[in-house]
Amino acid sequence: MKYELVIGLETHVELSTESKIFCSCGGHAAADEPNDCVCPACCGMPGMLPVMNKRVVELAVTAGLMLNCHINRYTTFDKKNYYYPDLPCAYQITQLNHPICTDGLVPVKTSEGTREIRIKQIHMEEDAGKLVHEGNHSYVDFNRTSVPLIEIVTQPDFRSAEEVVTYLAKLRSMFRSGGISECQEGAMRCDVNISVRPEGSEEFGVRTEIKNMSSFDAIERAIRYEAQRHMDALEFELEELVQETRRFDEVSGKTFAMRNKETEADYRYFPDANLMPIIIDDEWLEQIKANKPVAVDEKAEDYRAAGIAEKDIATLLSNHKIAKLLDDTVALGCDEKTAASWILTDCAGILRKDGKTFDDLAITPEKLATVIKLVEEGKINRGAGKKVLIAVVENDVDPIAFCKEQGLDRQVDASAIEAVIDRVIAENPRAIEDFKNGKVKAAQALFGACMRELKGAGDPAVIKSLLDAKLAEQ
Amino acid sequence: MSKYTTIVCENGTVAVDDTLLVKGVCATAGSRMLEGFKPLFSAEAVTRLEQAGYTVKGKTAVGEFGLDLVGEFSYEAPQEGTLHGAAAAAVAEGDVRLALGVDMNGAPRRAAALEGIDFLKPTYGTVSRYGVISCAASGEQVGVYAKDAQGVAEAMAIIAGHDDKDGTSLPEASYTYDVDRPVAGMKVAVVKNLLDAADDAAKAKTEAYVQALRAAGVTVEEITVDAFAVANTAWQILMTAETCNNVSRYDGVKFGHRAANYKNIDELYVNSRTEGFNFLTKAVILYGSDVLSKNRYKDCYDKSLRVRRVISETMAKLFETYDALVMPACSKMSYESYDIHDAFKTVFDESVFTAVPNLIGTPALVSGGVQLTAKMYAESTLLSLAHAVEKEGK
């Protein structure tokens, strides 16, 4: 039987803020010693109250915008209760009832095609500390306690490990370039919910959750292992699948059950009365939108969608000036792929010939757009367009005036073209003879002669078809 | 009875309940669980008083986490016989000019009523809770004990106002507290069903107070407000849930009491907490965990939040007609020591008099053994009424 994998992800991302989420401690990543970066608030001493770090809200909203989410204007915090020595208050401040972002969408492109992954929600929360075990003792390090996180929860929309890893790589690249998170080792952690069902089935299979993985490699291996385990269980009925939490052992490459549902904790979530609801008004949202950096990966997606070749995308991403020239030219009404070709092929060629680089390119988007439009609208042919472009790049001439001067913009009607063709045919009896004898090259030579006669005026396609018709009569 | 858990400065002018922090002075909130805990900073209200020239005389004993009637179940200063609130007694005896307390479930109001002094539980959000050993964040508020309304007003003007360190602190930088607004022509109502729930002594106190108000030209009517019983149940649910959550940080790992014997982390938690908390706190923790549990949340906690909103609206409507409500602060004017195993029920029943202001954040003033409440920010109305009666008595 063929099976289908169904995967949902919960991804925790540590935000790049100067201070922790509810206190002013900062720089935990650079802290050398355990508990170097703690204060009475983040180590749970009585008397301290959490005070919201505004920057966390702004970064969470920015992440939500990047993932095409709905931004909730009213957002609140809840407490999640559980005992663990690395959790100083014995509760984690998180968001259950009114998360900051909901209903997003992320296109993920793999060898199988593009799949749109729905984002259920993004919520803000605080991280826990760390336990260090040495011999018979355990030590608590609160440096990481209360470091701001966002958790991005997807719908069960992934169908392969490849999609999962591609999605995570995309998040990482977007968040890095967008200043959301450094995504350094351990700063991006994943819980994977996985089930398997017979292909074509609408019902979900029994779901297991693999907790807390941070390397893409481990995530991929864990998914492959777990998927196989589920399929074997369904196929051979050797074991009964139960809904449970599992952990992936990187050494053996296997997953192991952590605890089963019956004994799973009731986290007794309830609203945190110490933190007032956060209201994101229009003004604040607009400000966040205005400051939102364009993530490099997002840009690449745009270029890809426009049909620009990968090597050209690489050039555009590495050269801000060129990318801006393209954007501005497109904004003037040119097709993105066409404009990219004029810049990255034609301009680049002219520069290369002159021993220059893109840094020396001084063409304005207005002039470039004019050249492109002259050609696209059929007013001059592409060859003439190139001539104009060279003049613009080298001497910064006005494209329209240059066309007039050179007679490139002559409007030629079909009868004028026919007259030229007739003349060329009459003047080249040998070529006609060769053509009749089956020499294809002869036709090309005649076409070239017509083009020369017309000095760049006229649409090459029209010239070609008229010439072909005349030749057929011969 | 030992009033103080620590004397900070013999010549001090202020007593501070042990539910508030004073930098460097051990604070336990009356619990063995916080044995030896020395805070690194002072509560904002304490700092503001010190900056205004007051000095802390000492920390006054409270019942464990302020959960009992007046302070009878303090780990350091357990009481026998007739019960007193330590801070209220210190003020009544002229030991200090004023004291700070945390009103989370009415204990300071009851203590003030018993001593015949004043205590104001201010409007929620007007005084910073920074430095409060917090239990029920959504309803607790730092208040002032003083000999009279004038004393309360003076201290309130100093401690109230916005504090960046408390996310629930309201934006106003300061507030005005008047004691001599004209009261003649004001209209107040006595809550008859609460009067009926009190014993003869408490009833007599309230009735005498009503006479004094009338003498000052205040119109007094009698009304029945059924909302008080429902409000109390809702507040006990919210209060126990929040307390259960807030005391869960006392686990023996970081500070305070740690059991001598344990074999693993679970035993460290269980043994430390079993030894550290008294029976009342344990009952509150159990009750609080229950109302937060998955199966009960909707019917208990969530419902109480909705009740809170309804009571808010009910009371706001009443305060359109009346400037203030008058009622006893407790069912009797004297408490005797009792078995801690009965404490949960005893305190629950007694809180029917005090729960509404904790639940909805309105101000409440105890003066002359009687309680007055009014709408949000109407402290000056309460203080002026009390001041008028106090003037007459002098």
# chains A, B, ... in the order shown; residues from 1 in each chain; ligands from 1

call {"tool": "select_by_dssp", "arguments": {"residues": "segment 253-450 of chain A", "states": "strand (DSSP E or B)", "output": "count of residues only"}}
result
11

call {"tool": "residues_around", "arguments": {"residues": "Lys211 of chain A", "least_positions_apart": "4", "cutoff": "12 Å", "atoms": "only C-alpha atoms", "output": "PyMOL selection string"}}
result
chain A and resi 9-12+189-194+218-219+222-223+244-249+255-259

call {"tool": "residues_around", "arguments": {"residues": "Ala416 of chain A", "least_positions_apart": "5", "cutoff": "12 Å", "atoms": "only C-alpha atoms", "output": "number ranges by chain"}}
result
A: 410-411, 421-423, 450, 453-454, 457-458, 462-463, 466

call {"tool": "write_last_selection", "arguments": {"atoms": "N, CA and C atoms", "output": "short mmCIF file (atom, residue, chain, number, x, y, z; two decimals), in the first residue's frame"}}
result
data_model
loop_
_atom_site.label_atom_id
_atom_site.label_comp_id
_atom_site.auth_asym_id
_atom_site.auth_seq_id
_atom_site.Cartn_x
_atom_site.Cartn_y
_atom_site.Cartn_z
N ARG A 410 12.01 55.46 -37.53
CA ARG A 410 11.17 55.54 -38.71
C ARG A 410 10.07 54.52 -38.66
N GLN A 411 8.89 55.01 -38.82
CA GLN A 411 7.79 54.07 -38.89
C GLN A 411 7.72 53.58 -40.32
N ILE A 421 12.33 44.82 -49.96
CA ILE A 421 12.55 43.40 -50.22
C ILE A 421 12.68 43.15 -51.73
N ASP A 422 11.77 43.77 -52.46
CA ASP A 422 11.81 43.60 -53.92
C ASP A 422 13.16 44.06 -54.48
N ARG A 423 13.62 45.17 -53.95
CA ARG A 423 14.89 45.70 -54.43
C ARG A 423 16.03 44.74 -54.11
N CYS A 450 18.10 42.95 -46.16
CA CYS A 450 16.88 43.77 -45.98
C CYS A 450 17.01 44.62 -44.72
N GLU A 453 19.25 47.49 -45.22
CA GLU A 453 18.59 48.51 -46.04
C GLU A 453 17.63 49.35 -45.20
N LEU A 454 16.93 48.67 -44.31
CA LEU A 454 15.91 49.36 -43.51
C LEU A 454 16.54 50.12 -42.34
N ALA A 457 14.83 50.08 -38.90
CA ALA A 457 13.40 50.36 -38.82
C ALA A 457 12.62 49.09 -39.15
N GLY A 458 11.40 49.02 -38.67
CA GLY A 458 10.56 47.88 -39.00
C GLY A 458 10.73 46.71 -38.06
N VAL A 462 7.94 40.93 -38.95
CA VAL A 462 7.16 41.29 -40.13
C VAL A 462 8.03 41.17 -41.38
N ILE A 463 9.25 41.70 -41.29
CA ILE A 463 10.18 41.65 -42.42
C ILE A 463 10.41 40.20 -42.84
N LEU A 466 7.32 38.66 -44.59
CA LEU A 466 7.13 39.20 -45.94
C LEU A 466 8.18 38.64 -46.90
#

call {"tool": "interface_residues", "arguments": {"of": "chain B", "to": "chain A", "cutoff": "8 Å", "atoms": "only C-alpha atoms", "output": "PyMOL selection string"}}
result
chain B and resi 20-21+40+43+129-134+137-138+164-168+245-246+248-250+253-254+289+292-294

call {"tool": "write_last_selection", "arguments": {"atoms": "C-alpha atoms", "output": "CSV table (one decimal), in the first residue's frame"}}
result
chain,number,residue,atom,x,y,z
B,20,LEU,CA,6.2,43.9,51.2
B,21,LEU,CA,9.9,43.9,50.7
B,40,LEU,CA,17.7,42.8,47.0
B,43,ALA,CA,8.9,47.8,47.4
B,129,ARG,CA,2.8,46.4,43.4
B,130,TYR,CA,6.5,46.3,42.8
B,131,GLY,CA,8.0,44.6,45.8
B,132,VAL,CA,4.8,42.9,46.9
B,133,ILE,CA,5.2,39.2,47.7
B,134,SER,CA,2.4,38.6,45.2
B,137,ALA,CA,-2.1,39.8,41.1
B,138,SER,CA,-5.5,40.7,39.7
B,164,ASP,CA,7.2,51.7,35.2
B,165,LYS,CA,8.3,48.6,37.1
B,166,ASP,CA,4.6,47.4,37.4
B,167,GLY,CA,2.8,46.6,34.1
B,168,THR,CA,-0.6,47.0,35.9
B,245,ASN,CA,0.3,29.8,40.7
B,246,ASN,CA,2.3,32.5,42.4
B,248,SER,CA,4.6,27.6,43.0
B,249,ARG,CA,7.9,29.4,42.6
B,250,TYR,CA,8.6,28.5,46.2
B,253,VAL,CA,15.4,25.0,44.5
B,254,LYS,CA,16.5,28.6,44.6
B,289,SER,CA,-5.2,23.9,41.2
B,292,LEU,CA,-7.6,25.8,37.0
B,293,SER,CA,-7.6,22.1,35.9
B,294,LYS,CA,-8.7,21.3,32.4

call {"tool": "residues_around", "arguments": {"residues": "segment 402-408 of chain A", "least_positions_apart": "5", "cutoff": "10 Å", "atoms": "only C-alpha atoms", "output": "ChimeraX atom specification"}}
result
/A:371,374,379-381,384-385,387-388,391-392,397,454-458

call {"tool": "select_by_dssp", "arguments": {"residues": "segment 167-324 of chain B", "states": "alpha helix (DSSP H)", "output": "PyMOL selection string"}}
result
chain B and resi 192-196+200-215+227-246+265-276+279-292+303-321

call {"tool": "residues_around", "arguments": {"residues": "segment 357-360 of chain B", "least_positions_apart": "6", "cutoff": "6 Å", "atoms": "only C-alpha atoms", "output": "JSON, numbers by chain"}}
result
{"B": [139, 235, 312]}
